[in-house]
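Trainee: File name query_23.tsv; file contents TSV, C-alpha atoms; full text below.
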chain	number	residue	atom	x	y	z
A	841	MET	CA	24.01	8.00	19.52
A	842	ALA	CA	25.17	11.20	17.91
A	843	GLY	CA	23.31	12.04	14.71
A	844	LYS	CA	20.32	9.77	15.44
A	845	LYS	CA	16.93	11.40	15.91
A	846	LYS	CA	14.40	10.20	18.44
A	847	ILE	CA	11.07	8.95	17.19
A	848	ASN	CA	8.23	9.35	19.63
A	849	ALA	CA	5.54	6.68	19.73
A	850	ASP	CA	2.91	9.32	18.99
A	851	GLN	CA	4.63	10.12	15.68
A	852	VAL	CA	3.68	6.84	13.98
A	853	GLU	CA	1.04	7.21	11.28
A	854	THR	CA	-0.66	4.57	9.22
A	855	ALA	CA	-1.99	5.67	5.86
A	856	ASP	CA	-5.80	5.64	5.90
A	857	ILE	CA	-7.37	2.96	3.70
A	858	VAL	CA	-10.15	4.59	1.70
A	859	GLY	CA	-10.85	1.97	-0.91
A	860	SER	CA	-10.02	-1.44	-2.24
A	861	THR	CA	-10.68	-3.55	-5.28
A	862	LEU	CA	-11.64	-6.22	-2.75
A	863	GLU	CA	-14.66	-4.35	-1.40
A	864	LYS	CA	-17.68	-2.69	-2.93
A	865	GLU	CA	-17.75	0.82	-1.48
A	866	PRO	CA	-14.84	2.55	0.30
A	867	GLU	CA	-15.24	4.67	3.43
A	868	GLU	CA	-15.27	8.46	3.28
A	869	VAL	CA	-12.22	10.30	4.61
A	870	SER	CA	-12.26	13.79	6.06
A	871	GLU	CA	-9.68	16.10	4.53
A	872	LYS	CA	-8.06	18.66	6.85
A	873	GLU	CA	-4.83	19.24	4.95
A	874	GLU	CA	-4.01	18.47	1.33
A	875	THR	CA	-3.98	14.71	0.90
A	876	ILE	CA	-3.20	12.32	-1.91
A	877	ALA	CA	-4.59	8.88	-2.67
A	878	ILE	CA	-2.20	6.03	-3.37
A	879	ALA	CA	-2.99	2.61	-4.84
A	880	CYS	CA	-1.03	-0.03	-2.88
A	881	ASN	CA	-0.48	-3.55	-4.10
A	882	LEU	CA	2.04	-4.38	-1.37
A	883	PRO	CA	1.43	-7.85	0.06
A	884	PHE	CA	2.46	-7.11	3.65
A	885	GLY	CA	2.82	-3.34	3.86
A	886	LEU	CA	5.76	-1.00	4.08
A	887	LYS	CA	6.94	1.25	6.88
A	888	PHE	CA	8.90	4.47	6.37
A	889	THR	CA	10.50	5.61	9.65
A	890	ASP	CA	12.32	8.64	8.28
A	891	VAL	CA	9.56	11.04	7.19
A	892	PRO	CA	10.42	14.58	8.32
A	893	CYS	CA	7.78	16.27	10.48
A	894	GLY	CA	9.50	19.55	11.39
A	895	ASN	CA	12.13	20.76	13.85
A	896	GLY	CA	14.52	18.00	12.74
A	897	ALA	CA	12.19	15.26	14.03
A	898	THR	CA	10.91	12.36	11.98
A	899	LYS	CA	7.77	10.28	12.01
A	900	THR	CA	6.80	6.87	10.73
A	901	VAL	CA	4.29	6.43	7.91
A	902	ILE	CA	2.94	2.94	7.28
A	903	PHE	CA	1.42	1.78	4.00
A	904	PRO	CA	-0.73	-1.23	4.91
A	905	GLY	CA	-0.50	-4.32	2.76
A	906	ILE	CA	-3.30	-5.69	0.65
A	907	ASN	CA	-3.48	-8.69	3.00
A	908	SER	CA	-2.97	-6.75	6.25
A	909	ALA	CA	-6.57	-7.41	7.32
A	910	LEU	CA	-5.65	-11.10	7.64
A	911	LYS	CA	-2.93	-10.47	10.22
A	912	GLY	CA	-3.62	-12.45	13.39
A	913	LYS	CA	-6.49	-14.43	11.87
A	914	LYS	CA	-6.49	-18.23	11.75
A	915	SER	CA	-7.64	-18.35	8.16
A	916	GLY	CA	-8.48	-16.12	5.24
A	917	ILE	CA	-8.16	-15.71	1.52
A	918	LEU	CA	-5.15	-13.91	0.09
A	919	ALA	CA	-5.82	-11.25	-2.55
A	920	LEU	CA	-5.29	-12.44	-6.10
A	921	PRO	CA	-3.18	-10.46	-8.61
A	922	GLY	CA	-4.66	-7.25	-9.96
A	923	ASN	CA	-6.07	-6.00	-6.65
A	924	ALA	CA	-5.00	-3.04	-4.57
A	925	ILE	CA	-6.07	-0.93	-1.64
A	926	CYS	CA	-6.38	2.83	-1.80
A	927	VAL	CA	-4.83	4.80	1.04
A	928	THR	CA	-4.63	8.51	1.68
A	929	LEU	CA	-1.91	10.43	3.41
A	930	LEU	CA	-0.75	14.00	3.65
A	931	LYS	CA	0.64	15.27	0.35
A	932	LYS	CA	3.69	16.70	2.14
A	933	ASP	CA	4.45	13.25	3.62
A	934	TRP	CA	4.06	11.60	0.20
A	935	ASP	CA	6.39	14.17	-1.38
A	936	ALA	CA	9.00	13.57	1.35
A	937	ILE	CA	8.78	9.78	0.94
A	938	VAL	CA	9.13	10.01	-2.85
A	939	LYS	CA	12.07	12.40	-2.52
A	940	MET	CA	13.91	9.92	-0.26
A	941	HIS	CA	12.74	6.56	-1.64
A	942	GLY	CA	11.23	7.29	-5.07
A	943	LYS	CA	13.90	5.36	-6.99
A	944	GLU	CA	13.19	2.10	-5.15
A	945	ILE	CA	11.44	-0.75	-6.98
A	946	ALA	CA	8.17	-0.31	-5.06
A	947	PHE	CA	7.85	3.17	-6.63
A	948	ILE	CA	9.22	2.56	-10.14
A	949	GLY	CA	8.26	-1.05	-10.85
A	950	ARG	CA	10.45	-3.92	-11.91
A	951	ASN	CA	11.25	-5.10	-15.42
A	952	GLY	CA	8.80	-2.62	-16.95
A	953	ARG	CA	5.93	-3.58	-14.65
A	954	MET	CA	3.65	-1.24	-12.73
A	955	PRO	CA	4.97	-0.08	-9.35
A	956	CYS	CA	3.41	-1.47	-6.16
A	957	ILE	CA	2.86	2.06	-4.80
A	958	TYR	CA	1.12	4.23	-7.38
A	959	PRO	CA	-0.32	7.74	-6.88
A	960	VAL	CA	-3.90	8.06	-8.16
A	961	GLY	CA	-4.73	11.55	-6.85
A	962	ASP	CA	-8.01	10.85	-5.08
A	963	LYS	CA	-10.68	8.18	-4.62
A	964	LYS	CA	-12.16	8.86	-8.05
A	965	GLY	CA	-8.68	8.50	-9.54
A	966	PHE	CA	-8.38	5.11	-7.81
A	967	LYS	CA	-11.58	3.91	-9.44
A	968	ALA	CA	-10.54	5.37	-12.81
A	969	ALA	CA	-7.15	3.59	-12.63
A	970	ALA	CA	-8.76	0.14	-12.64
A	971	SER	CA	-6.88	-1.00	-15.76
A	972	GLU	CA	-3.51	0.11	-14.33
A	973	ILE	CA	-4.31	-1.51	-10.98
A	974	ALA	CA	-5.14	-4.77	-12.76
A	975	GLU	CA	-1.54	-4.79	-14.04
A	976	MET	CA	0.03	-4.26	-10.60
A	977	LYS	CA	2.07	-7.28	-9.53
A	978	ASN	CA	4.26	-7.62	-6.45
A	979	GLY	CA	5.70	-11.06	-7.21
A	980	LEU	CA	4.22	-12.62	-4.08
A	981	GLU	CA	0.66	-13.15	-5.26
A	982	PRO	CA	-0.99	-16.48	-4.51
A	983	ILE	CA	-1.82	-18.80	-7.37
A	984	ASP	CA	-5.37	-18.43	-8.66
A	985	PRO	CA	-7.08	-21.72	-7.74
A	986	LYS	CA	-9.22	-21.43	-10.89
A	987	ALA	CA	-6.21	-21.04	-13.21
A	988	GLU	CA	-5.54	-23.67	-15.84
A	989	GLY	CA	-3.32	-26.48	-14.61
A	990	VAL	CA	-3.96	-25.89	-10.91
A	991	LYS	CA	-5.16	-29.06	-9.22
A	992	GLU	CA	-6.77	-29.33	-5.82
A	993	LYS	CA	-4.81	-31.37	-3.34
A	994	LYS	CA	-7.06	-33.72	-1.44
A	995	GLU	CA	-6.12	-34.68	2.11
A	996	GLU	CA	-6.32	-38.43	2.77
Now, as a test, write the supplied structure out as C-alpha cells.
Mentor:
Amino acid sequence: MAGKKKINADQVETADIVGSTLEKEPEEVSEKEETIAIACNLPFGLKFTDVPCGNGATKTVIFPGINSALKGKKSGILALPGNAICVTLLKKDWDAIVKMHGKEIAFIGRNGRMPCIYPVGDKKGFKAAASEIAEMKNGLEPIDPKAEGVKEKKEE
C-alpha cells in the first residue's frame, strides 16, 4: 500500500446544514474558523475523501443531499426542482476541494446550467441567491405532481 494515506474514522466531517429552501428558518452556526456557505442541490450528497488536513493526512468532507433527511424513512416527499440546502464548512476545506475537483460538473454546471454546488458566502448570501437557486437542476428531480400533463395513477 505504498503511496496510500490512512484516513482515521475521526477525520470524517459532514458539512453543517444551516438553511434550506424547504424550511422556514435555518439554524444558527457558531463560527470558530473562517467558514463559507454553499448552496447544495445534490440529490443524494457527495463525499470527498481526499481533503488535506495537514502532515500529509487527509480527511473526508461530506456534502449532504437535498433528500438526505429521507434516508432510512419508509416514506417522504422528494424535493422538487429549484430547492437547495445551505451548508457551511471551513473555507480552507472548500478551497482544497475546489482546487482538486473544481472542474467537475457538480461545480461548473452542465450545458450552461447552474452548478449543483454553488458558493453563496454566508447565510444571507444563500437567501439573496434565491433566483440562482431556483435555476439549480441536478437532472434527478422528481416530476412535479401539479405539472401540466401529469396524471395520478389510481390503484385498483
Trainee: Report, in Å to a single decimal, how far apart CA of Leu918 (chain A) and CA of His941 (chain A) are.
Mentor: 27.2 Å
Trainee: Give me, as a ChimeraX atom specification, all polymer residues having an atom no more than 7 Å from Thr875 (chain A), counting only C-alpha atoms and skipping those fewer than 5 positions away in the same chain.
Mentor: /A:928-931
Trainee: Restricting the calculation to only C-alpha atoms, which member of A:Leu882, A:Glu853, A:Ala936, A:Lys872 is positioned closest to Gly894 (chain A)?
Mentor: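 Counting only C-alpha atoms, the residue closest to Gly894 (chain A) is A:Ala936.
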Trainee: Near Phe947 (chain A), within 9 Å and counting all atoms listed in the file, which residues show up once chain neighbours fewer than 6 positions away are dropped, as a PyMOL selection string?
Mentor: chain A and resi 938+941+954-958
Trainee: I need the chosen residues saved as a PDB file, in the coordinates of the input, with C-alpha atoms.
Mentor:
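As written to disk, out-v6.pdb reads:
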ATOM      1  CA  VAL A 938       9.130  10.010  -2.850  1.00  0.00           C
ATOM      2  CA  HIS A 941      12.740   6.560  -1.640  1.00  0.00           C
ATOM      3  CA  MET A 954       3.650  -1.240 -12.730  1.00  0.00           C
ATOM      4  CA  PRO A 955       4.970  -0.080  -9.350  1.00  0.00           C
ATOM      5  CA  CYS A 956       3.410  -1.470  -6.160  1.00  0.00           C
ATOM      6  CA  ILE A 957       2.860   2.060  -4.800  1.00  0.00           C
ATOM      7  CA  TYR A 958       1.120   4.230  -7.380  1.00  0.00           C
TER       8      TYR A 958
END
Trainee: Would you kindly return, as an NGL selection string, each protein, DNA or RNA residue with an atom no farther than 10 Å from any atom of region 977-986 of chain A, considering only C-alpha atoms and excluding same-chain residues fewer than 6 positions away?
Mentor: :A and (880-884 or 917-924 or 945-946 or 949-950 or 953-957 or 992)
Trainee: At a cut-off of 8 Å around the point (15.3, 14.4, 3.7) (file coordinates), what residues fall inside when counting only C-alpha atoms? I'd like the answer as a VMD selection string.
Mentor: chain A and resid 890 to 892 936 939 to 940
Trainee: Taking the point (-9.6, 9.6, -4.8) as given in the file, collect each protein or nucleic acid residue that comes within 9 Å of it, counting all atoms listed in the file, and present the set as a list in words.
Mentor: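 Checked against the point, the hits come out as Val858, Gly859, Ile876, Ala877, Ile878, Cys926, Val927, Thr928, Val960, Gly961, Asp962, Lys963, Lys964, Gly965, Phe966 and Lys967 of chain A.
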Trainee: For Asn907 (chain A), which residue out of A:Ile948, A:Ile925, A:Asp933, A:Ala974 is the nearest one, using only C-alpha atoms?
Mentor: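 Closest residue, counting only C-alpha atoms: A:Ile925.
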